[in-house]
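Working notes, structure below.
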Amino acid sequence: MRTILYTLLLSFAMLSCSNKQKQAVTADDEPILVGPVFNEDSALAFCAEQCNFGPRTMNSEAHDKCGEWITARFKQYGLTVSTQKADLKGWDGTTLRSTNIIASLNPDAKRRMLICAHWDCRPWADNDPDSTNWRKPVMAANDGASGVAVMLELARIIKADTAQLPYGIDFVCFDAEDYGTPQWTNIEDESSWALGAQHFAKNMPSAYDCGILLDMVGGQGAHFYQEGYSTQYAKNVLDAVWQAAADAGYESFFPRQAGNHITDDHKPLIDAGIPAIDIIPFYPDCKESGFGPTWHTVNDDMNHLDKATLKAVGQTVVQYLYTR
């Protein structure tokens, strides 16, 4: 991740998988939740279990063991799991043993959508305020574990309540997202990010109506502005998800304001023709980074997660899934 382009957002009417959003509020605007209840304590525990392996950097034992754990969890909840293994080249020529994990709910359904996140960790804390930390790995409690945790909790609660879902969902854990060029190299190469997503987009196992990317969805003080490429290429999906947030009572977490254009895992999906959105935080007043003060630092740990953020994102996605 991630290049931020401070540009004016374009407004195009794009095709998407979203039907007209059903209203889920009463006349006096009291939220009425639709679908199962998202358990933020469970999601937080899933974050902790990933972090217990240590930093899940590419080619490490912690990475491989965590991948096995994620696969086992999805299988435990009754999903059909497959993997995409590939040797990918990092910006520095390193061969990255990459594994995309694909967990399918209602695998026989022809109409399908994607919910995705990356599960690898940044090998270098290159945005840390202390330069002596720049070559240390990031624990990635938020920038990695949180998105996977929300997907696991979604899989757990939705599997028991699929009758209202006339479509299939593929939960995809992208690998090799965060091996992009470090800041200390002074090299800017957008193609060095989201390598697992690039591989997936070229080798998709199914056709997809749309996609939702969850990136850094557990941070303290997070607000999810409307990311630029999402607005440009998947506006109907974006509008429906932000409406779901309002209907579920989480409008304050999802301001209807423009964010930035982010090079992230959703961009290869968009390039492959899938209207995909990125639920990613924007901190407009944060001096350390627009992605928040712990982004790519050694402080991206369990102490800086917030259950309320996990809840807001998770319940919003549930609301969208059961009203689209």
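Letters for chains follow the order of the structure tokens (A, B, ...), residue numbers begin at 1 for each chain, and ligand numbers begin at 1 in the order shown.
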DSSP helix (DSSP H, G or I) residues within segment 136-286 of chain A, as a PDB file with N, CA, C and O atoms, in the first residue's frame:
ATOM      1  N   ALA A 141      -1.320  -5.607  13.900  1.00  0.00           N
ATOM      2  CA  ALA A 141      -2.604  -5.922  14.526  1.00  0.00           C
ATOM      3  C   ALA A 141      -3.748  -5.272  13.755  1.00  0.00           C
ATOM      4  O   ALA A 141      -4.810  -5.872  13.577  1.00  0.00           O
ATOM      5  N   ASN A 142      -3.519  -4.048  13.294  1.00  0.00           N
ATOM      6  CA  ASN A 142      -4.534  -3.356  12.498  1.00  0.00           C
ATOM      7  C   ASN A 142      -4.302  -3.575  11.013  1.00  0.00           C
ATOM      8  O   ASN A 142      -5.197  -4.014  10.292  1.00  0.00           O
ATOM      9  N   ASP A 143      -3.097  -3.298  10.545  1.00  0.00           N
ATOM     10  CA  ASP A 143      -2.775  -3.367   9.116  1.00  0.00           C
ATOM     11  C   ASP A 143      -2.464  -4.802   8.708  1.00  0.00           C
ATOM     12  O   ASP A 143      -1.331  -5.132   8.353  1.00  0.00           O
ATOM     13  N   GLY A 144      -3.497  -5.629   8.766  1.00  0.00           N
ATOM     14  CA  GLY A 144      -3.350  -7.038   8.425  1.00  0.00           C
ATOM     15  C   GLY A 144      -4.336  -7.881   9.213  1.00  0.00           C
ATOM     16  O   GLY A 144      -5.310  -8.418   8.674  1.00  0.00           O
ATOM     17  N   ALA A 145      -4.129  -7.997  10.511  1.00  0.00           N
ATOM     18  CA  ALA A 145      -4.937  -8.906  11.322  1.00  0.00           C
ATOM     19  C   ALA A 145      -6.393  -8.472  11.424  1.00  0.00           C
ATOM     20  O   ALA A 145      -7.298  -9.314  11.455  1.00  0.00           O
ATOM     21  N   SER A 146      -6.664  -7.171  11.467  1.00  0.00           N
ATOM     22  CA  SER A 146      -8.041  -6.718  11.705  1.00  0.00           C
ATOM     23  C   SER A 146      -8.974  -7.104  10.566  1.00  0.00           C
ATOM     24  O   SER A 146     -10.113  -7.537  10.802  1.00  0.00           O
ATOM     25  N   GLY A 147      -8.522  -6.962   9.331  1.00  0.00           N
ATOM     26  CA  GLY A 147      -9.378  -7.321   8.202  1.00  0.00           C
ATOM     27  C   GLY A 147      -9.690  -8.799   8.166  1.00  0.00           C
ATOM     28  O   GLY A 147     -10.834  -9.211   7.919  1.00  0.00           O
ATOM     29  N   VAL A 148      -8.679  -9.629   8.422  1.00  0.00           N
ATOM     30  CA  VAL A 148      -8.884 -11.077   8.475  1.00  0.00           C
ATOM     31  C   VAL A 148      -9.821 -11.429   9.622  1.00  0.00           C
ATOM     32  O   VAL A 148     -10.711 -12.282   9.482  1.00  0.00           O
ATOM     33  N   ALA A 149      -9.650 -10.774  10.760  1.00  0.00           N
ATOM     34  CA  ALA A 149     -10.494 -11.048  11.926  1.00  0.00           C
ATOM     35  C   ALA A 149     -11.957 -10.746  11.635  1.00  0.00           C
ATOM     36  O   ALA A 149     -12.852 -11.515  12.021  1.00  0.00           O
ATOM     37  N   VAL A 150     -12.226  -9.637  10.982  1.00  0.00           N
ATOM     38  CA  VAL A 150     -13.606  -9.307  10.637  1.00  0.00           C
ATOM     39  C   VAL A 150     -14.176 -10.351   9.680  1.00  0.00           C
ATOM     40  O   VAL A 150     -15.328 -10.780   9.829  1.00  0.00           O
ATOM     41  N   MET A 151     -13.384 -10.792   8.716  1.00  0.00           N
ATOM     42  CA  MET A 151     -13.868 -11.820   7.791  1.00  0.00           C
ATOM     43  C   MET A 151     -14.163 -13.132   8.517  1.00  0.00           C
ATOM     44  O   MET A 151     -15.169 -13.797   8.235  1.00  0.00           O
ATOM     45  N   LEU A 152     -13.310 -13.527   9.435  1.00  0.00           N
ATOM     46  CA  LEU A 152     -13.541 -14.763  10.179  1.00  0.00           C
ATOM     47  C   LEU A 152     -14.819 -14.669  11.003  1.00  0.00           C
ATOM     48  O   LEU A 152     -15.607 -15.627  11.053  1.00  0.00           O
ATOM     49  N   GLU A 153     -15.041 -13.523  11.651  1.00  0.00           N
ATOM     50  CA  GLU A 153     -16.264 -13.366  12.432  1.00  0.00           C
ATOM     51  C   GLU A 153     -17.493 -13.337  11.522  1.00  0.00           C
ATOM     52  O   GLU A 153     -18.531 -13.913  11.862  1.00  0.00           O
ATOM     53  N   LEU A 154     -17.388 -12.694  10.374  1.00  0.00           N
ATOM     54  CA  LEU A 154     -18.486 -12.721   9.411  1.00  0.00           C
ATOM     55  C   LEU A 154     -18.788 -14.157   8.981  1.00  0.00           C
ATOM     56  O   LEU A 154     -19.954 -14.569   8.937  1.00  0.00           O
ATOM     57  N   ALA A 155     -17.754 -14.914   8.663  1.00  0.00           N
ATOM     58  CA  ALA A 155     -17.954 -16.301   8.256  1.00  0.00           C
ATOM     59  C   ALA A 155     -18.615 -17.108   9.366  1.00  0.00           C
ATOM     60  O   ALA A 155     -19.512 -17.926   9.120  1.00  0.00           O
ATOM     61  N   ARG A 156     -18.187 -16.873  10.595  1.00  0.00           N
ATOM     62  CA  ARG A 156     -18.725 -17.624  11.732  1.00  0.00           C
ATOM     63  C   ARG A 156     -20.216 -17.368  11.922  1.00  0.00           C
ATOM     64  O   ARG A 156     -20.990 -18.311  12.121  1.00  0.00           O
ATOM     65  N   ILE A 157     -20.627 -16.112  11.853  1.00  0.00           N
ATOM     66  CA  ILE A 157     -22.027 -15.794  12.145  1.00  0.00           C
ATOM     67  C   ILE A 157     -22.937 -15.981  10.935  1.00  0.00           C
ATOM     68  O   ILE A 157     -24.120 -16.309  11.094  1.00  0.00           O
ATOM     69  N   ILE A 158     -22.418 -15.789   9.737  1.00  0.00           N
ATOM     70  CA  ILE A 158     -23.259 -15.898   8.547  1.00  0.00           C
ATOM     71  C   ILE A 158     -23.531 -17.352   8.189  1.00  0.00           C
ATOM     72  O   ILE A 158     -24.611 -17.689   7.696  1.00  0.00           O
ATOM     73  N   GLN A 183      10.170   3.299   2.408  1.00  0.00           N
ATOM     74  CA  GLN A 183      10.422   4.724   2.236  1.00  0.00           C
ATOM     75  C   GLN A 183      11.902   5.047   2.212  1.00  0.00           C
ATOM     76  O   GLN A 183      12.332   5.982   1.526  1.00  0.00           O
ATOM     77  N   TRP A 184      12.710   4.249   2.940  1.00  0.00           N
ATOM     78  CA  TRP A 184      14.128   4.577   3.008  1.00  0.00           C
ATOM     79  C   TRP A 184      14.897   4.239   1.731  1.00  0.00           C
ATOM     80  O   TRP A 184      16.077   4.569   1.614  1.00  0.00           O
ATOM     81  N   THR A 185      14.217   3.627   0.750  1.00  0.00           N
ATOM     82  CA  THR A 185      14.896   3.374  -0.528  1.00  0.00           C
ATOM     83  C   THR A 185      14.778   4.550  -1.478  1.00  0.00           C
ATOM     84  O   THR A 185      15.523   4.642  -2.456  1.00  0.00           O
ATOM     85  N   GLU A 190       4.485   1.574  -7.551  1.00  0.00           N
ATOM     86  CA  GLU A 190       3.149   1.143  -7.141  1.00  0.00           C
ATOM     87  C   GLU A 190       2.929  -0.339  -7.411  1.00  0.00           C
ATOM     88  O   GLU A 190       2.172  -0.992  -6.687  1.00  0.00           O
ATOM     89  N   SER A 191       3.590  -0.866  -8.428  1.00  0.00           N
ATOM     90  CA  SER A 191       3.384  -2.276  -8.779  1.00  0.00           C
ATOM     91  C   SER A 191       3.996  -3.227  -7.759  1.00  0.00           C
ATOM     92  O   SER A 191       3.745  -4.432  -7.803  1.00  0.00           O
ATOM     93  N   SER A 192       4.802  -2.707  -6.818  1.00  0.00           N
ATOM     94  CA  SER A 192       5.436  -3.572  -5.820  1.00  0.00           C
ATOM     95  C   SER A 192       4.503  -3.884  -4.659  1.00  0.00           C
ATOM     96  O   SER A 192       4.831  -4.715  -3.810  1.00  0.00           O
ATOM     97  N   LEU A 195       0.797  -7.676  -4.302  1.00  0.00           N
ATOM     98  CA  LEU A 195       1.231  -8.706  -5.249  1.00  0.00           C
ATOM     99  C   LEU A 195       0.279  -9.893  -5.264  1.00  0.00           C
ATOM    100  O   LEU A 195      -0.003 -10.462  -6.327  1.00  0.00           O
ATOM    101  N   GLY A 196      -0.211 -10.294  -4.088  1.00  0.00           N
ATOM    102  CA  GLY A 196      -1.147 -11.412  -4.047  1.00  0.00           C
ATOM    103  C   GLY A 196      -2.449 -11.081  -4.755  1.00  0.00           C
ATOM    104  O   GLY A 196      -3.025 -11.924  -5.450  1.00  0.00           O
ATOM    105  N   ALA A 197      -2.937  -9.863  -4.581  1.00  0.00           N
ATOM    106  CA  ALA A 197      -4.161  -9.439  -5.257  1.00  0.00           C
ATOM    107  C   ALA A 197      -3.955  -9.370  -6.770  1.00  0.00           C
ATOM    108  O   ALA A 197      -4.853  -9.713  -7.550  1.00  0.00           O
ATOM    109  N   GLN A 198      -2.767  -8.930  -7.186  1.00  0.00           N
ATOM    110  CA  GLN A 198      -2.477  -8.911  -8.622  1.00  0.00           C
ATOM    111  C   GLN A 198      -2.521 -10.326  -9.191  1.00  0.00           C
ATOM    112  O   GLN A 198      -3.070 -10.558 -10.280  1.00  0.00           O
ATOM    113  N   HIS A 199      -1.949 -11.272  -8.457  1.00  0.00           N
ATOM    114  CA  HIS A 199      -1.960 -12.661  -8.913  1.00  0.00           C
ATOM    115  C   HIS A 199      -3.393 -13.193  -8.962  1.00  0.00           C
ATOM    116  O   HIS A 199      -3.783 -13.878  -9.930  1.00  0.00           O
ATOM    117  N   PHE A 200      -4.182 -12.891  -7.945  1.00  0.00           N
ATOM    118  CA  PHE A 200      -5.572 -13.352  -7.906  1.00  0.00           C
ATOM    119  C   PHE A 200      -6.365 -12.796  -9.073  1.00  0.00           C
ATOM    120  O   PHE A 200      -7.150 -13.517  -9.709  1.00  0.00           O
ATOM    121  N   ALA A 201      -6.185 -11.518  -9.373  1.00  0.00           N
ATOM    122  CA  ALA A 201      -6.942 -10.883 -10.446  1.00  0.00           C
ATOM    123  C   ALA A 201      -6.655 -11.516 -11.803  1.00  0.00           C
ATOM    124  O   ALA A 201      -7.513 -11.513 -12.699  1.00  0.00           O
ATOM    125  N   LYS A 202      -5.459 -12.091 -11.943  1.00  0.00           N
ATOM    126  CA  LYS A 202      -5.103 -12.767 -13.195  1.00  0.00           C
ATOM    127  C   LYS A 202      -5.515 -14.235 -13.212  1.00  0.00           C
ATOM    128  O   LYS A 202      -5.447 -14.888 -14.258  1.00  0.00           O
ATOM    129  N   GLY A 228     -11.134   7.095  -3.207  1.00  0.00           N
ATOM    130  CA  GLY A 228     -11.300   7.643  -4.551  1.00  0.00           C
ATOM    131  C   GLY A 228     -11.603   6.651  -5.645  1.00  0.00           C
ATOM    132  O   GLY A 228     -12.525   6.849  -6.458  1.00  0.00           O
ATOM    133  N   TYR A 229     -10.820   5.552  -5.746  1.00  0.00           N
ATOM    134  CA  TYR A 229     -11.087   4.573  -6.799  1.00  0.00           C
ATOM    135  C   TYR A 229     -12.436   3.890  -6.581  1.00  0.00           C
ATOM    136  O   TYR A 229     -13.134   3.549  -7.541  1.00  0.00           O
ATOM    137  N   SER A 230     -12.811   3.708  -5.319  1.00  0.00           N
ATOM    138  CA  SER A 230     -14.110   3.116  -5.007  1.00  0.00           C
ATOM    139  C   SER A 230     -15.236   3.992  -5.534  1.00  0.00           C
ATOM    140  O   SER A 230     -16.215   3.513  -6.110  1.00  0.00           O
ATOM    141  N   THR A 231     -15.097   5.298  -5.327  1.00  0.00           N
ATOM    142  CA  THR A 231     -16.091   6.247  -5.813  1.00  0.00           C
ATOM    143  C   THR A 231     -16.127   6.271  -7.338  1.00  0.00           C
ATOM    144  O   THR A 231     -17.187   6.338  -7.955  1.00  0.00           O
ATOM    145  N   GLN A 232     -14.975   6.179  -7.937  1.00  0.00           N
ATOM    146  CA  GLN A 232     -14.869   6.309  -9.388  1.00  0.00           C
ATOM    147  C   GLN A 232     -15.400   5.089 -10.123  1.00  0.00           C
ATOM    148  O   GLN A 232     -16.072   5.209 -11.148  1.00  0.00           O
ATOM    149  N   TYR A 233     -15.110   3.896  -9.585  1.00  0.00           N
ATOM    150  CA  TYR A 233     -15.393   2.668 -10.333  1.00  0.00           C
ATOM    151  C   TYR A 233     -16.471   1.774  -9.713  1.00  0.00           C
ATOM    152  O   TYR A 233     -16.893   0.804 -10.339  1.00  0.00           O
ATOM    153  N   LYS A 235     -19.307   3.135  -7.527  1.00  0.00           N
ATOM    154  CA  LYS A 235     -20.065   4.088  -6.717  1.00  0.00           C
ATOM    155  C   LYS A 235     -21.343   3.485  -6.163  1.00  0.00           C
ATOM    156  O   LYS A 235     -21.745   3.788  -5.029  1.00  0.00           O
ATOM    157  N   ASN A 236     -22.013   2.623  -6.938  1.00  0.00           N
ATOM    158  CA  ASN A 236     -23.254   2.031  -6.445  1.00  0.00           C
ATOM    159  C   ASN A 236     -22.993   1.135  -5.234  1.00  0.00           C
ATOM    160  O   ASN A 236     -23.776   1.121  -4.278  1.00  0.00           O
ATOM    161  N   VAL A 237     -21.906   0.390  -5.273  1.00  0.00           N
ATOM    162  CA  VAL A 237     -21.544  -0.445  -4.132  1.00  0.00           C
ATOM    163  C   VAL A 237     -21.185   0.438  -2.943  1.00  0.00           C
ATOM    164  O   VAL A 237     -21.634   0.215  -1.812  1.00  0.00           O
ATOM    165  N   LEU A 238     -20.388   1.450  -3.195  1.00  0.00           N
ATOM    166  CA  LEU A 238     -19.971   2.369  -2.130  1.00  0.00           C
ATOM    167  C   LEU A 238     -21.182   3.020  -1.466  1.00  0.00           C
ATOM    168  O   LEU A 238     -21.296   3.040  -0.235  1.00  0.00           O
ATOM    169  N   ASP A 239     -22.091   3.543  -2.275  1.00  0.00           N
ATOM    170  CA  ASP A 239     -23.269   4.209  -1.722  1.00  0.00           C
ATOM    171  C   ASP A 239     -24.101   3.246  -0.884  1.00  0.00           C
ATOM    172  O   ASP A 239     -24.623   3.618   0.181  1.00  0.00           O
ATOM    173  N   ALA A 240     -24.235   2.012  -1.360  1.00  0.00           N
ATOM    174  CA  ALA A 240     -25.049   1.033  -0.633  1.00  0.00           C
ATOM    175  C   ALA A 240     -24.413   0.664   0.707  1.00  0.00           C
ATOM    176  O   ALA A 240     -25.105   0.507   1.713  1.00  0.00           O
ATOM    177  N   VAL A 241     -23.088   0.529   0.740  1.00  0.00           N
ATOM    178  CA  VAL A 241     -22.405   0.188   1.997  1.00  0.00           C
ATOM    179  C   VAL A 241     -22.486   1.341   2.977  1.00  0.00           C
ATOM    180  O   VAL A 241     -22.744   1.144   4.174  1.00  0.00           O
ATOM    181  N   TRP A 242     -22.296   2.561   2.501  1.00  0.00           N
ATOM    182  CA  TRP A 242     -22.375   3.719   3.407  1.00  0.00           C
ATOM    183  C   TRP A 242     -23.818   3.910   3.898  1.00  0.00           C
ATOM    184  O   TRP A 242     -24.032   4.320   5.029  1.00  0.00           O
ATOM    185  N   GLN A 243     -24.799   3.583   3.063  1.00  0.00           N
ATOM    186  CA  GLN A 243     -26.184   3.634   3.523  1.00  0.00           C
ATOM    187  C   GLN A 243     -26.432   2.557   4.570  1.00  0.00           C
ATOM    188  O   GLN A 243     -27.143   2.782   5.564  1.00  0.00           O
ATOM    189  N   ALA A 244     -25.837   1.382   4.376  1.00  0.00           N
ATOM    190  CA  ALA A 244     -25.971   0.310   5.367  1.00  0.00           C
ATOM    191  C   ALA A 244     -25.390   0.746   6.703  1.00  0.00           C
ATOM    192  O   ALA A 244     -25.949   0.441   7.764  1.00  0.00           O
ATOM    193  N   ALA A 245     -24.268   1.455   6.672  1.00  0.00           N
ATOM    194  CA  ALA A 245     -23.673   1.961   7.914  1.00  0.00           C
ATOM    195  C   ALA A 245     -24.634   2.912   8.618  1.00  0.00           C
ATOM    196  O   ALA A 245     -24.817   2.840   9.843  1.00  0.00           O
ATOM    197  N   ALA A 246     -25.261   3.803   7.864  1.00  0.00           N
ATOM    198  CA  ALA A 246     -26.212   4.734   8.459  1.00  0.00           C
ATOM    199  C   ALA A 246     -27.423   3.995   9.021  1.00  0.00           C
ATOM    200  O   ALA A 246     -27.883   4.285  10.132  1.00  0.00           O
ATOM    201  N   ASP A 247     -27.937   3.024   8.276  1.00  0.00           N
ATOM    202  CA  ASP A 247     -29.110   2.267   8.723  1.00  0.00           C
ATOM    203  C   ASP A 247     -28.818   1.491  10.005  1.00  0.00           C
ATOM    204  O   ASP A 247     -29.697   1.324  10.863  1.00  0.00           O
ATOM    205  N   ALA A 248     -27.595   0.993  10.120  1.00  0.00           N
ATOM    206  CA  ALA A 248     -27.220   0.192  11.287  1.00  0.00           C
ATOM    207  C   ALA A 248     -26.794   1.044  12.482  1.00  0.00           C
ATOM    208  O   ALA A 248     -26.523   0.506  13.554  1.00  0.00           O
ATOM    209  N   GLU A 251     -23.195   5.671  11.189  1.00  0.00           N
ATOM    210  CA  GLU A 251     -22.908   6.730  10.232  1.00  0.00           C
ATOM    211  C   GLU A 251     -21.709   7.566  10.654  1.00  0.00           C
ATOM    212  O   GLU A 251     -20.962   8.071   9.811  1.00  0.00           O
ATOM    213  N   SER A 252     -21.486   7.722  11.953  1.00  0.00           N
ATOM    214  CA  SER A 252     -20.372   8.551  12.409  1.00  0.00           C
ATOM    215  C   SER A 252     -19.022   7.951  12.029  1.00  0.00           C
ATOM    216  O   SER A 252     -18.025   8.677  11.889  1.00  0.00           O
ATOM    217  N   PHE A 253     -18.970   6.634  11.858  1.00  0.00           N
ATOM    218  CA  PHE A 253     -17.727   5.982  11.436  1.00  0.00           C
ATOM    219  C   PHE A 253     -17.524   6.084   9.921  1.00  0.00           C
ATOM    220  O   PHE A 253     -16.407   5.905   9.439  1.00  0.00           O
ATOM    221  N   HIS A 266      -7.818  -3.622  -3.709  1.00  0.00           N
ATOM    222  CA  HIS A 266      -9.015  -3.527  -4.551  1.00  0.00           C
ATOM    223  C   HIS A 266      -8.693  -3.066  -5.964  1.00  0.00           C
ATOM    224  O   HIS A 266      -9.461  -3.332  -6.893  1.00  0.00           O
ATOM    225  N   LYS A 267      -7.549  -2.395  -6.158  1.00  0.00           N
ATOM    226  CA  LYS A 267      -7.245  -1.826  -7.477  1.00  0.00           C
ATOM    227  C   LYS A 267      -7.038  -2.913  -8.537  1.00  0.00           C
ATOM    228  O   LYS A 267      -7.573  -2.781  -9.659  1.00  0.00           O
ATOM    229  N   PRO A 268      -6.294  -4.002  -8.277  1.00  0.00           N
ATOM    230  CA  PRO A 268      -6.225  -5.062  -9.290  1.00  0.00           C
ATOM    231  C   PRO A 268      -7.589  -5.658  -9.610  1.00  0.00           C
ATOM    232  O   PRO A 268      -7.836  -6.075 -10.759  1.00  0.00           O
ATOM    233  N   LEU A 269      -8.494  -5.717  -8.625  1.00  0.00           N
ATOM    234  CA  LEU A 269      -9.841  -6.221  -8.887  1.00  0.00           C
ATOM    235  C   LEU A 269     -10.587  -5.280  -9.820  1.00  0.00           C
ATOM    236  O   LEU A 269     -11.255  -5.715 -10.765  1.00  0.00           O
ATOM    237  N   ILE A 270     -10.473  -3.987  -9.552  1.00  0.00           N
ATOM    238  CA  ILE A 270     -11.094  -2.993 -10.432  1.00  0.00           C
ATOM    239  C   ILE A 270     -10.541  -3.115 -11.843  1.00  0.00           C
ATOM    240  O   ILE A 270     -11.289  -3.089 -12.829  1.00  0.00           O
ATOM    241  N   ASP A 271      -9.218  -3.259 -11.947  1.00  0.00           N
ATOM    242  CA  ASP A 271      -8.587  -3.378 -13.264  1.00  0.00           C
ATOM    243  C   ASP A 271      -9.059  -4.622 -14.003  1.00  0.00           C
ATOM    244  O   ASP A 271      -9.038  -4.666 -15.243  1.00  0.00           O
TER     245      ASP A 271
END
#### Entry: 6 Å contact set for Thr83 of chain A, only C-alpha atoms, chain neighbours under 2 positions out, as a PyMOL selection string
chain A and resi 100-102
### Task
For Ile115 of chain A, list every protein, DNA or RNA residue within 12 Å, evaluated using only C-alpha atoms, and leave out those in the same chain fewer than 2 positions away; present the list as JSON, numbers by chain.
{"A": [101, 102, 103, 104, 105, 112, 113, 117, 118, 147, 148, 150, 151, 152, 154, 155, 168, 169, 170, 171, 172, 173, 174, 208, 209, 210, 211, 212, 213, 214, 215, 265, 266, 269, 276, 277, 278, 279, 314, 317, 318, 320, 321]}
### Message
Taking 5 positions as the minimum chain separation for residues in the same chain, which residues sit within 10 Å of Gly221 of chain A when counting only C-alpha atoms? Answer as a ChimeraX atom specification.
### Response
/A:253,281-283,292,304-306,308-309
Quick one: which segment 169-232 of chain A residues come within 7 Å of segment 88-95 of chain A, and what is the nearest atom pair for each with the distance in Å to one decimal, counting only C-alpha atoms, rows ordered by chain and ascending number, as a tab-separated table?
residue	atom	partner	partner_atom	distance
A:Tyr179	CA	A:Gly90	CA	6.7
A:Gly180	CA	A:Trp91	CA	6.6
A:Thr181	CA	A:Trp91	CA	6.2
A:Ser192	CA	A:Trp91	CA	5.5
### 9 Å contact set for Gly259 of chain A, only C-alpha atoms, chain neighbours under 6 positions out, as a PyMOL selection string
chain A and resi 6+9+224-228+281-282+284
Saved selection, atoms kept: C-alpha atoms, as a PDB file, in the first residue's frame:
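Saved to out.pdb:
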ATOM      1  CA  TYR A   6      -4.882  14.209  -3.727  1.00  0.00           C
ATOM      2  CA  LEU A   9     -12.994  12.664  -7.252  1.00  0.00           C
ATOM      3  CA  PHE A 224     -13.813   5.560   6.863  1.00  0.00           C
ATOM      4  CA  TYR A 225     -14.028   8.246   4.226  1.00  0.00           C
ATOM      5  CA  GLN A 226     -15.054   7.352   0.671  1.00  0.00           C
ATOM      6  CA  GLU A 227     -11.899   6.173  -1.095  1.00  0.00           C
ATOM      7  CA  GLY A 228     -11.300   7.643  -4.551  1.00  0.00           C
ATOM      8  CA  PRO A 281      -9.492   4.748   7.330  1.00  0.00           C
ATOM      9  CA  PHE A 282      -8.446   8.294   6.643  1.00  0.00           C
ATOM     10  CA  PRO A 284      -7.000  14.019   7.740  1.00  0.00           C
TER      11      PRO A 284
END
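The residue that comes closest to Ala222 of chain A, out of A:Phe291, A:Tyr167, A:Phe46, A:Tyr250 and on the basis of only C-alpha atoms, is A:Phe291.
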### Task
Take atom CA of Ala86 of chain A and atom CA of Thr99 of chain A and report the distance between them in Å, one decimal.
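Result for atom CA of Ala86 of chain A versus atom CA of Thr99 of chain A: 6.5 Å, one decimal.
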### Close residues, segment 54-57 of chain A itself excluded, 7 Å, only C-alpha atoms, min 3 positions apart in chain, as a PyMOL selection string
chain A and resi 51+60+62-63+120-123+137-139
With C-alpha atoms retained, export the selected residues as a PDB file, in the first residue's frame.
ATOM      1  CA  CYS A  51      -0.540 -11.598  16.541  1.00  0.00           C
ATOM      2  CA  SER A  60       8.710 -16.645   7.788  1.00  0.00           C
ATOM      3  CA  ALA A  62       5.107 -17.227  11.728  1.00  0.00           C
ATOM      4  CA  HIS A  63       3.577 -16.430   8.344  1.00  0.00           C
ATOM      5  CA  ASP A 120       0.754 -10.627   5.604  1.00  0.00           C
ATOM      6  CA  CYS A 121       2.734  -8.092   7.674  1.00  0.00           C
ATOM      7  CA  ARG A 122       4.955  -5.221   6.648  1.00  0.00           C
ATOM      8  CA  PRO A 123       8.593  -6.369   7.038  1.00  0.00           C
ATOM      9  CA  PRO A 137       8.916  -5.896  11.261  1.00  0.00           C
ATOM     10  CA  VAL A 138       5.435  -4.601  12.012  1.00  0.00           C
ATOM     11  CA  MET A 139       3.117  -6.675  14.211  1.00  0.00           C
TER      12      MET A 139
END
### Query
Of the candidates A:Cys116, A:Asp161, A:Phe74, A:Ala140, which one gets nearest to Gln50 of chain A if we count only C-alpha atoms?
A:Ala140
### Message
Report, in Å to a single decimal, how far apart atom CA of Leu310 of chain A and atom CA of Leu44 of chain A are.
### Response
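Between these atoms lies a distance of 7.6 Å.
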